[in-house]
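target.cif follows (mmCIF, C-alpha atoms):
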data_my_file
loop_
_atom_site.label_atom_id
_atom_site.label_comp_id
_atom_site.auth_asym_id
_atom_site.auth_seq_id
_atom_site.Cartn_x
_atom_site.Cartn_y
_atom_site.Cartn_z
CA MET A 1 -85.88 88.04 -82.43
CA ALA A 2 -82.71 90.02 -81.87
CA ALA A 3 -80.08 88.50 -79.65
CA GLU A 4 -80.12 91.47 -77.31
CA ASP A 5 -83.79 90.86 -76.53
CA ILE A 6 -83.08 87.48 -74.98
CA THR A 7 -81.37 88.94 -71.93
CA THR A 8 -82.33 91.50 -69.36
CA SER A 9 -80.11 94.03 -67.66
CA THR A 10 -80.80 94.49 -63.96
CA ASN A 11 -78.40 97.33 -63.29
CA ASN A 12 -78.18 100.92 -64.39
CA ASN A 13 -75.59 100.21 -67.06
CA PRO A 14 -77.32 98.95 -70.21
CA GLN A 15 -73.99 97.61 -71.43
CA GLY A 16 -73.36 95.69 -68.24
CA PRO A 17 -74.13 92.04 -67.41
CA ARG A 18 -77.54 90.72 -68.38
CA LEU A 19 -79.58 87.85 -67.02
CA PRO A 20 -81.16 85.56 -69.63
CA GLN A 21 -84.93 85.53 -69.86
CA LYS A 22 -86.41 82.14 -69.17
CA ARG A 23 -89.21 82.40 -71.71
CA TYR A 24 -86.72 82.15 -74.57
CA PHE A 25 -85.35 78.84 -73.31
CA ARG A 26 -88.51 76.74 -72.94
CA GLN A 27 -88.26 73.08 -73.92
CA ARG A 28 -90.53 70.09 -73.58
CA ALA A 29 -90.07 68.21 -70.32
CA HIS A 30 -89.75 64.69 -71.72
CA VAL A 31 -86.58 63.43 -73.39
CA ASN A 32 -85.93 59.82 -74.36
CA VAL A 33 -82.80 58.99 -72.40
CA PHE A 34 -82.27 55.81 -74.43
CA ASN A 35 -81.85 57.65 -77.74
CA ASP A 36 -78.40 58.07 -79.22
CA MET A 37 -77.42 61.73 -78.89
CA ARG A 38 -74.42 63.78 -79.85
CA LEU A 39 -72.96 64.25 -76.40
CA GLU A 40 -69.41 65.11 -75.41
CA TYR A 41 -67.95 63.08 -72.58
CA PRO A 42 -64.50 61.95 -71.45
CA VAL A 43 -63.32 58.37 -71.68
CA ARG A 44 -62.42 58.49 -68.00
CA PRO A 45 -62.82 61.09 -65.22
CA SER A 46 -59.14 62.05 -65.27
CA GLU A 47 -59.52 63.32 -68.84
CA GLN A 48 -62.38 65.72 -68.09
CA ASP A 49 -61.33 69.36 -68.48
CA TRP A 50 -63.13 71.37 -65.82
CA SER A 51 -61.32 74.66 -66.56
CA LYS A 52 -64.01 75.94 -68.95
CA PHE A 53 -66.67 75.40 -66.26
CA TYR A 54 -64.72 76.80 -63.28
CA PRO A 55 -62.18 79.31 -64.65
CA ALA A 56 -61.59 80.75 -61.18
CA TYR A 57 -60.40 77.38 -59.90
CA PHE A 58 -58.46 76.05 -62.89
CA PRO A 59 -55.95 77.74 -65.20
CA SER A 60 -57.00 78.14 -68.80
CA THR A 61 -56.15 75.15 -70.98
CA THR A 62 -55.55 77.41 -73.98
CA ASN A 63 -53.08 79.59 -72.11
CA GLN A 64 -51.26 76.53 -70.81
CA HIS A 65 -50.90 75.14 -74.34
CA GLN A 66 -49.68 78.47 -75.70
CA GLN A 67 -47.13 78.78 -72.90
CA GLN A 68 -45.95 75.22 -73.48
CA GLN A 69 -45.56 75.89 -77.21
CA GLN A 70 -43.58 79.06 -76.48
CA ASN A 71 -41.32 77.15 -74.09
CA ASP A 72 -40.76 74.45 -76.70
CA ASP A 73 -39.84 77.05 -79.34
CA ASP A 74 -37.42 78.81 -77.00
CA SER A 75 -35.86 75.50 -76.04
CA ALA A 76 -35.39 74.52 -79.68
CA LYS A 77 -33.64 77.82 -80.49
CA SER A 78 -31.33 77.52 -77.49
CA GLN A 79 -30.38 73.96 -78.44
CA GLN A 80 -29.11 75.19 -81.82
CA THR A 81 -26.41 77.28 -80.11
CA LYS A 82 -25.43 74.66 -77.55
CA ARG A 83 -23.25 71.68 -78.17
CA PRO A 84 -25.00 68.31 -77.84
CA SER A 85 -25.43 67.08 -74.31
CA SER A 86 -25.41 63.54 -73.01
CA PRO A 87 -28.67 61.54 -72.96
CA ALA A 88 -28.79 61.79 -69.19
CA THR A 89 -28.48 65.57 -69.36
CA GLN A 90 -31.15 65.79 -72.04
CA ILE A 91 -33.58 63.92 -69.81
CA ALA A 92 -32.75 66.08 -66.81
CA ASP A 93 -33.15 69.29 -68.82
CA GLN A 94 -36.63 68.46 -70.02
CA PRO A 95 -39.32 70.55 -68.33
CA ALA A 96 -41.49 68.74 -65.83
CA PRO A 97 -44.87 67.74 -67.26
CA LYS A 98 -47.71 70.00 -66.34
CA ARG A 99 -50.23 68.62 -63.91
CA GLY A 100 -53.87 69.27 -63.18
CA PRO A 101 -57.03 69.31 -65.28
CA ALA A 102 -55.76 72.23 -67.36
CA ALA A 103 -52.91 70.07 -68.68
CA THR A 104 -55.38 67.71 -70.36
CA PRO A 105 -56.92 68.87 -73.66
CA SER A 106 -60.67 69.20 -73.49
CA THR A 107 -62.49 66.31 -75.10
CA ALA A 108 -65.55 68.54 -75.37
CA ASP A 109 -63.86 71.31 -77.36
CA PRO A 110 -65.19 71.02 -80.93
CA SER A 111 -62.26 73.04 -82.25
CA SER A 112 -59.67 70.61 -80.87
CA SER A 113 -58.60 67.48 -82.67
CA SER A 114 -59.84 64.15 -81.40
CA ILE A 115 -56.23 62.92 -81.41
CA SER A 116 -53.74 65.08 -79.58
CA ASN A 117 -49.95 64.91 -79.86
CA ALA A 118 -49.61 66.12 -76.28
CA PRO A 119 -49.16 63.34 -73.73
CA GLN A 120 -52.07 62.77 -71.40
CA GLN A 121 -51.17 63.74 -67.84
CA GLN A 122 -52.88 62.62 -64.67
CA PRO A 123 -54.56 65.44 -62.67
CA SER A 124 -52.92 66.61 -59.50
CA PRO A 125 -54.37 65.06 -56.34
CA LEU A 126 -54.46 68.59 -54.89
CA ALA A 127 -56.66 69.97 -57.67
CA PRO A 128 -60.22 70.81 -56.56
CA LYS A 129 -62.89 68.32 -57.54
CA VAL A 130 -66.62 68.57 -58.01
CA GLU A 131 -68.41 67.35 -54.87
CA PHE A 132 -72.09 68.20 -55.44
CA ALA A 133 -74.07 66.96 -58.43
CA ASP A 134 -77.61 68.13 -59.21
CA ILE A 135 -78.98 65.50 -61.60
CA GLY A 136 -81.69 66.99 -63.78
CA CYS A 137 -80.90 70.52 -62.61
CA GLY A 138 -83.50 72.25 -64.80
CA TYR A 139 -83.14 76.03 -64.63
CA GLY A 140 -80.61 75.85 -61.79
CA GLY A 141 -82.51 77.24 -58.83
CA LEU A 142 -80.88 74.80 -56.44
CA LEU A 143 -77.34 75.55 -57.59
CA VAL A 144 -77.81 79.31 -57.31
CA ALA A 145 -79.18 78.90 -53.78
CA LEU A 146 -76.48 76.47 -52.63
CA SER A 147 -73.54 78.38 -54.11
CA PRO A 148 -73.17 81.02 -51.35
CA LEU A 149 -73.88 78.45 -48.63
CA PHE A 150 -70.94 76.27 -49.73
CA PRO A 151 -68.67 78.84 -51.43
CA ASN A 152 -65.60 76.57 -51.47
CA THR A 153 -67.35 73.51 -52.88
CA LEU A 154 -67.57 72.87 -56.62
CA MET A 155 -71.08 71.97 -57.79
CA VAL A 156 -72.31 70.91 -61.22
CA GLY A 157 -75.80 70.81 -62.66
CA MET A 158 -76.32 67.95 -65.09
CA GLU A 159 -79.18 68.28 -67.56
CA ILE A 160 -80.06 66.50 -70.80
CA ARG A 161 -82.13 69.32 -72.34
CA THR A 162 -79.99 71.63 -74.44
CA LYS A 163 -81.94 74.86 -74.00
CA LEU A 164 -82.01 74.54 -70.23
CA VAL A 165 -78.25 73.98 -70.10
CA ASN A 166 -77.69 77.06 -72.29
CA TYR A 167 -79.97 79.13 -70.07
CA LEU A 168 -78.33 78.04 -66.83
CA GLN A 169 -74.78 78.59 -68.07
CA GLN A 170 -75.70 82.08 -69.30
CA ARG A 171 -77.37 82.75 -65.97
CA ILE A 172 -74.28 81.67 -64.04
CA GLU A 173 -71.95 83.73 -66.22
CA ALA A 174 -74.17 86.79 -65.77
CA LEU A 175 -74.25 86.36 -61.98
CA ARG A 176 -70.47 86.04 -61.90
CA ALA A 177 -70.16 89.21 -63.97
CA PHE A 178 -72.49 91.12 -61.62
CA GLN A 179 -70.45 90.02 -58.63
CA HIS A 180 -67.09 90.85 -60.17
CA ASP A 181 -68.34 94.25 -61.39
CA MET A 182 -69.46 95.13 -57.86
CA VAL A 183 -66.06 94.21 -56.48
CA ASP A 184 -64.26 96.25 -59.14
CA ARG A 185 -66.48 99.32 -58.71
CA ALA A 186 -66.14 99.21 -54.92
CA ALA A 187 -62.37 98.88 -55.16
CA ALA A 188 -62.12 101.77 -57.61
CA ALA A 189 -64.30 104.06 -55.48
CA GLY A 190 -62.93 102.90 -52.15
CA GLU A 191 -66.44 102.11 -50.93
CA GLN A 192 -67.80 99.42 -48.70
CA VAL A 193 -69.91 96.82 -50.44
CA GLU A 194 -72.95 95.12 -48.97
CA TRP A 195 -72.72 91.39 -48.36
CA VAL A 196 -75.68 89.07 -48.09
CA ASP A 197 -75.96 87.48 -44.66
CA VAL A 198 -76.49 84.00 -46.05
CA ARG A 199 -76.43 82.23 -42.70
CA SER A 200 -79.08 84.54 -41.24
CA LYS A 201 -81.28 83.94 -44.27
CA LEU A 202 -80.72 80.18 -43.92
CA ASP A 203 -81.65 80.24 -40.21
CA GLN A 204 -84.92 81.94 -41.09
CA GLU A 205 -85.77 79.25 -43.63
CA ILE A 206 -84.91 76.43 -41.22
CA ALA A 207 -87.04 78.08 -38.53
CA ALA A 208 -89.91 78.37 -41.00
CA LEU A 209 -89.45 74.72 -41.91
CA GLN A 210 -89.63 73.67 -38.27
CA THR A 211 -92.77 75.66 -37.49
CA GLU A 212 -94.83 73.34 -39.69
CA PRO A 213 -93.95 69.78 -38.64
CA HIS A 214 -94.71 67.01 -41.08
CA PRO A 215 -94.93 63.26 -40.53
CA PRO A 216 -92.47 60.84 -42.14
CA ASN A 217 -93.04 60.25 -45.86
CA ALA A 218 -95.31 63.27 -45.87
CA THR A 219 -94.82 66.77 -47.06
CA ALA A 220 -92.09 69.27 -46.50
CA THR A 221 -94.29 71.98 -47.92
CA THR A 222 -92.84 75.12 -46.47
CA THR A 223 -92.88 78.42 -48.27
CA THR A 224 -91.20 81.55 -47.02
CA THR A 225 -93.73 84.26 -46.31
CA ASN A 226 -91.26 87.04 -45.66
CA GLU A 227 -90.91 89.00 -48.89
CA ASP A 228 -88.30 91.42 -47.64
CA ASP A 229 -85.43 91.45 -50.12
CA ASP A 230 -82.93 91.83 -47.28
CA ALA A 231 -84.00 88.47 -45.84
CA GLN A 232 -84.03 86.44 -49.03
CA LEU A 233 -81.75 85.86 -51.97
CA HIS A 234 -83.01 87.16 -55.29
CA ASP A 235 -84.92 84.52 -57.26
CA ASN A 236 -82.37 84.79 -60.05
CA GLY A 237 -79.41 85.15 -57.73
CA GLU A 238 -77.90 88.26 -56.19
CA THR A 239 -77.20 91.08 -58.64
CA HIS A 240 -76.86 94.03 -56.23
CA ARG A 241 -75.09 92.52 -53.22
CA LEU A 242 -72.06 90.33 -52.87
CA VAL A 243 -72.34 86.68 -51.87
CA PRO A 244 -69.57 84.33 -50.72
CA GLY A 245 -67.97 82.57 -53.66
CA HIS A 246 -69.37 84.98 -56.29
CA TYR A 247 -71.04 82.00 -58.04
CA ASP A 248 -67.64 80.87 -59.33
CA ASN A 249 -68.19 77.40 -57.87
CA ILE A 250 -71.25 76.35 -59.92
CA ALA A 251 -71.60 75.27 -63.54
CA ALA A 252 -73.97 73.47 -65.91
CA MET A 253 -73.25 70.76 -68.43
CA ARG A 254 -75.27 68.65 -70.86
CA ILE A 255 -75.06 64.97 -70.04
CA ASN A 256 -77.19 61.85 -70.07
CA CYS A 257 -76.56 60.68 -66.51
CA GLN A 258 -78.19 57.33 -67.17
CA LYS A 259 -75.38 56.49 -69.59
CA TYR A 260 -72.26 58.49 -68.78
CA LEU A 261 -72.21 59.37 -65.08
CA PRO A 262 -69.09 57.27 -64.23
CA ASN A 263 -67.23 58.94 -67.11
CA PHE A 264 -67.19 62.22 -65.17
CA PHE A 265 -66.72 61.21 -61.54
CA GLU A 266 -64.22 58.98 -59.81
CA LYS A 267 -65.12 56.46 -57.18
CA ALA A 268 -66.23 58.14 -53.93
CA GLN A 269 -65.74 61.63 -55.38
CA LEU A 270 -69.14 63.16 -54.59
CA SER A 271 -70.48 64.09 -51.17
CA LYS A 272 -74.03 65.07 -52.23
CA ILE A 273 -76.33 64.02 -55.06
CA PHE A 274 -79.59 65.88 -55.62
CA ILE A 275 -82.50 64.31 -57.52
CA LEU A 276 -85.29 66.86 -57.25
CA PHE A 277 -88.69 66.74 -58.92
CA ALA A 278 -87.60 64.14 -61.45
CA ASP A 279 -89.74 63.09 -64.39
CA PRO A 280 -92.28 60.62 -62.91
CA HIS A 281 -92.74 58.59 -66.14
CA PHE A 282 -96.24 57.55 -65.14
CA LYS A 283 -96.72 54.81 -67.74
CA ARG A 284 -95.57 51.39 -66.60
CA ARG A 285 -93.57 50.79 -69.77
CA LYS A 286 -91.67 54.03 -69.03
CA HIS A 287 -90.67 53.09 -65.48
CA LYS A 288 -87.32 51.82 -66.76
CA ALA A 289 -86.47 55.45 -67.63
CA ARG A 290 -86.88 56.69 -64.07
CA ILE A 291 -83.73 58.24 -62.68
CA ILE A 292 -83.85 56.04 -59.58
CA SER A 293 -83.60 52.32 -60.26
CA SER A 294 -81.51 49.41 -59.07
CA THR A 295 -79.02 50.00 -61.88
CA MET A 296 -78.71 53.73 -61.29
CA LEU A 297 -78.40 53.29 -57.52
CA ALA A 298 -75.33 51.15 -58.11
CA GLU A 299 -73.74 54.02 -60.03
CA TYR A 300 -74.74 56.56 -57.39
CA ALA A 301 -73.18 54.35 -54.72
CA TYR A 302 -69.99 54.15 -56.79
CA VAL A 303 -69.47 57.91 -57.22
CA LEU A 304 -70.75 58.83 -53.73
CA ARG A 305 -68.34 58.64 -50.81
CA VAL A 306 -69.23 56.91 -47.56
CA GLY A 307 -71.29 59.33 -45.51
CA GLY A 308 -72.48 61.16 -48.62
CA ILE A 309 -76.17 61.91 -49.05
CA VAL A 310 -78.71 61.39 -51.82
CA TYR A 311 -81.51 63.97 -51.64
CA THR A 312 -84.83 63.15 -53.32
CA ILE A 313 -88.01 65.21 -53.37
CA THR A 314 -91.10 65.07 -55.55
CA ASP A 315 -94.70 66.15 -55.59
CA VAL A 316 -95.86 62.78 -56.99
CA LYS A 317 -96.70 60.29 -54.24
CA ASP A 318 -96.33 57.28 -56.55
CA LEU A 319 -92.82 58.34 -57.54
CA HIS A 320 -91.90 58.97 -53.92
CA ASP A 321 -93.04 55.45 -52.99
CA TRP A 322 -91.00 54.09 -55.90
CA ASN A 323 -87.88 55.97 -54.76
CA VAL A 324 -88.23 54.84 -51.15
CA LYS A 325 -88.85 51.23 -52.18
CA HIS A 326 -85.69 51.03 -54.29
CA LEU A 327 -83.48 52.97 -51.89
CA ASP A 328 -84.62 50.92 -48.90
CA ALA A 329 -83.86 47.72 -50.81
CA PHE A 330 -80.38 48.83 -51.87
CA PRO A 331 -77.79 47.63 -49.32
CA LEU A 332 -75.48 50.67 -49.53
CA PHE A 333 -78.04 53.34 -48.63
CA GLN A 334 -79.71 54.05 -45.31
CA ARG A 335 -82.65 56.39 -44.73
CA ILE A 336 -81.87 59.50 -42.70
CA PRO A 337 -84.46 60.20 -39.97
CA ASP A 338 -86.47 63.38 -40.38
CA ASP A 339 -85.20 64.87 -37.11
CA GLU A 340 -81.61 64.70 -38.40
CA LEU A 341 -82.55 66.62 -41.53
CA GLU A 342 -83.71 69.64 -39.56
CA ASN A 343 -80.11 70.82 -39.10
CA ASP A 344 -79.01 70.11 -42.67
CA PRO A 345 -78.30 73.49 -44.34
CA ALA A 346 -79.16 72.08 -47.78
CA ILE A 347 -82.73 71.07 -46.88
CA PRO A 348 -84.34 74.55 -47.17
CA CYS A 349 -82.80 74.91 -50.63
CA VAL A 350 -83.95 71.43 -51.65
CA VAL A 351 -87.51 72.18 -50.56
CA ASN A 352 -87.91 75.82 -51.59
CA SER A 353 -85.34 76.93 -54.16
CA THR A 354 -86.06 74.96 -57.33
CA GLU A 355 -88.45 76.30 -59.94
CA GLU A 356 -90.60 73.16 -59.67
CA GLY A 357 -90.65 73.47 -55.88
CA LYS A 358 -91.85 77.07 -56.10
CA LYS A 359 -94.57 76.09 -58.55
CA VAL A 360 -95.80 73.33 -56.24
CA ALA A 361 -95.83 75.78 -53.34
CA ARG A 362 -97.84 78.32 -55.34
CA ASN A 363 -100.37 75.59 -56.12
CA LYS A 364 -100.40 74.53 -52.45
CA GLY A 365 -99.31 71.01 -53.36
CA ASP A 366 -97.44 68.41 -51.33
CA LYS A 367 -93.71 67.73 -51.44
CA TYR A 368 -92.39 64.32 -50.45
CA LEU A 369 -88.84 64.37 -49.13
CA ALA A 370 -86.56 61.36 -48.61
CA CYS A 371 -82.80 61.48 -47.98
CA TYR A 372 -80.41 58.55 -47.78
CA ARG A 373 -76.85 58.24 -46.52
CA ARG A 374 -74.19 56.15 -48.26
CA ILE A 375 -72.93 53.49 -45.85
CA ASP A 376 -69.91 51.19 -45.85
CA ASP A 377 -69.81 48.25 -48.19
CA PRO A 378 -69.33 45.11 -46.06
CA ALA A 379 -67.50 43.48 -48.94
CA GLU A 380 -64.79 46.16 -48.82
CA GLN A 381 -64.14 45.88 -45.08
#

Show how you would write the structure in this file as C-alpha cells.
Amino acid sequence: MAAEDITTSTNNNPQGPRLPQKRYFRQRAHVNVFNDMRLEYPVRPSEQDWSKFYPAYFPSTTNQHQQQQQNDDDSAKSQQTKRPSSPATQIADQPAPKRGPAATPSTADPSSSSISNAPQQQPSPLAPKVEFADIGCGYGGLLVALSPLFPNTLMVGMEIRTKLVNYLQQRIEALRAFQHDMVDRAAAAGEQVEWVDVRSKLDQEIAALQTEPHPPNATATTTTTNEDDDAQLHDNGETHRLVPGHYDNIAAMRINCQKYLPNFFEKAQLSKIFILFADPHFKRRKHKARIISSTMLAEYAYVLRVGGIVYTITDVKDLHDWNVKHLDAFPLFQRIPDDELENDPAIPCVVNSTEEGKKVARNKGDKYLACYRRIDDPAEQ
C-alpha cells in the first residue's frame, strides 16, 4: 500500500493537506497495561518538552539549542580578543539561562542523547500548561470537538495504542494545515473567510440534550438530528471554515496512564479529566486493569485542581456502577447533580462527539454519564 493512499485530500489542491483514513489505523481494543513497554516519559513534569506537541505555544527546542550554540561560539571568539576580566565580571557577562519548556531537551527525542551537557532549567511559571486530559482518547473525536470551544486551553489525548496515537496526531496536523492554508489564502486574496459559529452550534446541542430529560444514573442518549453542515462541525474537524484556535491547542501522545500519569502533570495542574467509554474489562480477574480504581483515583486527585471535574461516560451499566461506587467512596470527589451539568459546555461533546458515542447512538444504546468535582482535602486545610 503506497503511503499516499493512507490519507485523503478534502480540498481542491491534491498537493494540499490530507486527512488520514481511519481504516489504515485499526488496532485491537485490548492492551495489557501491566506489560513492560518501550514508552518515553520524563522523570518529572518539569522535564517534559511540550514544544513538539504545541509548536504554536512553545518555541522550537532545536532552534533554541542552535541559537545558544551560536551565541556560545560568538562569545568564545570575542573572548580571544579581550583581555581577561575579573571573576565577578565573568559571572555578570554570562547570558541568562533560558527558561520555559523549550529550554529543556526532550526526553522523548530518540535522536538526542540520554545524557545532556546542557543544564536542566526549570520552566517559566508563565509558560502555558496542559489543563485538559482525555485518558484513552481513541481516535480523538472529543479533542477535535472541544478545541474550538476552549481555544486558549491546551488539551492532550493520552492513548496506549500506537496506531491510534499516530492517526490522531496526523489528523491534528492535517487540521492545523487546513486552517493555516485558509488564513494564508484569504490574506493573499484580501477576502473574508467564514468562521464557524461554535457557540451557536453548542447551544443547539445543549437544547437537544435538554429536550430529552433522563433520570439520574440513566442515559444521556442524545443524538443531533440536524444534518445541516452549517449547524455542525465536520466529523473529522473543520476543513473549509475557520475555527477559534485553529486546532493548535490539542495534541496526542502515547502513554500508559496507569503507570506514568504523575510524570507528566504537576500537582493541581489539570482542570478537566475525561474518561469516556473506557475498556470495561468484564472478567473479574481483569477488574484491576480498569482505569477507575482506588489507586488511580488518588492520582487523579493529585493532578486535578480543586474545583476540577472528572467526566465519565459508558454504555456498560456494570462499569458505570463500578465507577460511581469508587468515586462516591473516594473522599476527594463529589458527584455533580444532573441539573448543574446542563450548562456545562463540555457535556454535549462528552455525550456526542466521540467515535464510541456515535456508534452507541447509531445502535440506539444507552449512555451512562457521571461527573465528579474535586473538593478540598481536609488534611491540607

Next item on the list: To one decimal in Å, tell me the separation between CA of Pro42 in chain A and CA of Val303 in chain A.
Entry: 15.6 Å

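Nearest to Leu149 in chain A of all the residues A:Leu39, A:Leu369, A:Ala268, A:Val243 is A:Val243, based on all atoms listed in the file.
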
Check: Any idea what the distance is between CA of Leu341 in chain A and CA of Arg374 in chain A?
Finding: 15.0 Å

Next item on the list: With the file shown as input, list the residues that the PyMOL selection byres ((chain A and resi 171) around 9) selects, as a VMD selection string.
Entry: chain A and resid 18 to 21 139 to 140 166 to 170 172 to 176 236 to 237

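The spacing separating CA of Asp315 in chain A from CA of Phe277 in chain A amounts to 6.9 Å.
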
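Across A:Phe132, A:Phe58, A:Phe25, A:Tyr311, the tightest approach to Gly157 in chain A is made by A:Phe132 when counting only C-alpha atoms.
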
Checklist line | Nearest residue to Val165 in chain A from the set A:Pro148, A:Pro59, A:Pro331, A:Gly138 (distances using all atoms listed in the file) | finding: A:Gly138

Check: Which of these residues is nearest to Val306 in chain A, using all atoms listed in the file: A:Ala145, A:Leu270, A:Cys137, A:Ala278?
Finding: A:Leu270

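Of the residues under consideration (A:Val351, A:Met182, A:Ala127, A:Leu304), A:Leu304 shows the shortest atom-to-atom contact distance to Glu266 in chain A when counting all atoms listed in the file.
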
Next item on the list: Tell me which protein, DNA and RNA residues are within 6 Å of range 352-364 of chain A, counting all atoms listed in the file, leaving out same-chain ones fewer than 4 positions away, and put them as a PyMOL selection string.
Entry: chain A and resi 141-142+348

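Considering all atoms listed in the file, the residue among A:Ala187, A:Leu143, A:Ile160, A:Met37 positioned nearest to Arg254 in chain A is A:Ile160.
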
Next item on the list: Check what the PyMOL selection byres ((chain A and resi 179) around 9) selects in the file above and give those residues as a PyMOL selection string.
Entry: chain A and resi 174-178+180-184+238-243+246-247

The PyMOL selection byres ((chain A and resi 321-323) around 12) on the file shown: which residues, as a short mmCIF file (atom, residue, chain, number, x, y, z; two decimals) with C-alpha atoms, keeping the file's coordinate frame?
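Written out: result30.cif:
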data_model
loop_
_atom_site.label_atom_id
_atom_site.label_comp_id
_atom_site.auth_asym_id
_atom_site.auth_seq_id
_atom_site.Cartn_x
_atom_site.Cartn_y
_atom_site.Cartn_z
CA ASN A 217 -93.04 60.25 -45.86
CA ALA A 218 -95.31 63.27 -45.87
CA ILE A 275 -82.50 64.31 -57.52
CA LEU A 276 -85.29 66.86 -57.25
CA PHE A 277 -88.69 66.74 -58.92
CA ALA A 278 -87.60 64.14 -61.45
CA PRO A 280 -92.28 60.62 -62.91
CA HIS A 281 -92.74 58.59 -66.14
CA PHE A 282 -96.24 57.55 -65.14
CA ARG A 284 -95.57 51.39 -66.60
CA HIS A 287 -90.67 53.09 -65.48
CA LYS A 288 -87.32 51.82 -66.76
CA ARG A 290 -86.88 56.69 -64.07
CA ILE A 291 -83.73 58.24 -62.68
CA ILE A 292 -83.85 56.04 -59.58
CA SER A 293 -83.60 52.32 -60.26
CA SER A 294 -81.51 49.41 -59.07
CA MET A 296 -78.71 53.73 -61.29
CA LEU A 297 -78.40 53.29 -57.52
CA VAL A 310 -78.71 61.39 -51.82
CA TYR A 311 -81.51 63.97 -51.64
CA THR A 312 -84.83 63.15 -53.32
CA ILE A 313 -88.01 65.21 -53.37
CA THR A 314 -91.10 65.07 -55.55
CA ASP A 315 -94.70 66.15 -55.59
CA VAL A 316 -95.86 62.78 -56.99
CA LYS A 317 -96.70 60.29 -54.24
CA ASP A 318 -96.33 57.28 -56.55
CA LEU A 319 -92.82 58.34 -57.54
CA HIS A 320 -91.90 58.97 -53.92
CA VAL A 324 -88.23 54.84 -51.15
CA LYS A 325 -88.85 51.23 -52.18
CA HIS A 326 -85.69 51.03 -54.29
CA LEU A 327 -83.48 52.97 -51.89
CA ASP A 328 -84.62 50.92 -48.90
CA ALA A 329 -83.86 47.72 -50.81
CA PHE A 330 -80.38 48.83 -51.87
CA PHE A 333 -78.04 53.34 -48.63
CA ARG A 335 -82.65 56.39 -44.73
CA TYR A 368 -92.39 64.32 -50.45
CA LEU A 369 -88.84 64.37 -49.13
CA ALA A 370 -86.56 61.36 -48.61
CA CYS A 371 -82.80 61.48 -47.98
CA TYR A 372 -80.41 58.55 -47.78
#

Model the absent atoms of range 336-347 of chain A so that N, CA, C and O atoms are present, and write the result as a short mmCIF file (atom, residue, chain, number, x, y, z; two decimals), keeping the file's coordinate frame.
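Full text of rebuild_26.cif as output:
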data_model
loop_
_atom_site.label_atom_id
_atom_site.label_comp_id
_atom_site.auth_asym_id
_atom_site.auth_seq_id
_atom_site.Cartn_x
_atom_site.Cartn_y
_atom_site.Cartn_z
N ILE A 336 -82.20 58.55 -43.75
CA ILE A 336 -81.87 59.50 -42.70
C ILE A 336 -83.15 59.93 -42.01
O ILE A 336 -84.09 60.39 -42.67
N PRO A 337 -83.23 59.79 -40.68
CA PRO A 337 -84.46 60.20 -39.97
C PRO A 337 -84.76 61.68 -40.18
O PRO A 337 -83.86 62.50 -40.37
N ASP A 338 -86.05 62.01 -40.13
CA ASP A 338 -86.47 63.38 -40.38
C ASP A 338 -85.88 64.36 -39.37
O ASP A 338 -85.57 65.51 -39.72
N ASP A 339 -85.72 63.94 -38.12
CA ASP A 339 -85.20 64.87 -37.11
C ASP A 339 -83.75 65.25 -37.39
O ASP A 339 -83.30 66.33 -37.01
N GLU A 340 -82.99 64.37 -38.05
CA GLU A 340 -81.61 64.70 -38.40
C GLU A 340 -81.54 65.70 -39.54
O GLU A 340 -80.56 66.44 -39.68
N LEU A 341 -82.56 65.73 -40.38
CA LEU A 341 -82.55 66.62 -41.53
C LEU A 341 -82.82 68.07 -41.14
O LEU A 341 -82.56 68.98 -41.93
N GLU A 342 -83.35 68.28 -39.96
CA GLU A 342 -83.71 69.64 -39.56
C GLU A 342 -82.50 70.56 -39.49
O GLU A 342 -82.62 71.77 -39.69
N ASN A 343 -81.32 70.01 -39.22
CA ASN A 343 -80.11 70.82 -39.10
C ASN A 343 -79.26 70.79 -40.36
O ASN A 343 -78.13 71.30 -40.36
N ASP A 344 -79.76 70.18 -41.42
CA ASP A 344 -79.01 70.11 -42.67
C ASP A 344 -79.20 71.43 -43.42
O ASP A 344 -80.33 71.78 -43.79
N PRO A 345 -78.14 72.19 -43.68
CA PRO A 345 -78.30 73.49 -44.34
C PRO A 345 -78.80 73.39 -45.77
O PRO A 345 -79.27 74.39 -46.33
N ALA A 346 -78.71 72.21 -46.39
CA ALA A 346 -79.16 72.08 -47.78
C ALA A 346 -80.66 71.86 -47.89
O ALA A 346 -81.24 72.08 -48.97
N ILE A 347 -81.32 71.43 -46.81
CA ILE A 347 -82.73 71.07 -46.88
C ILE A 347 -83.63 72.25 -47.30
O ILE A 347 -84.49 72.09 -48.16
#
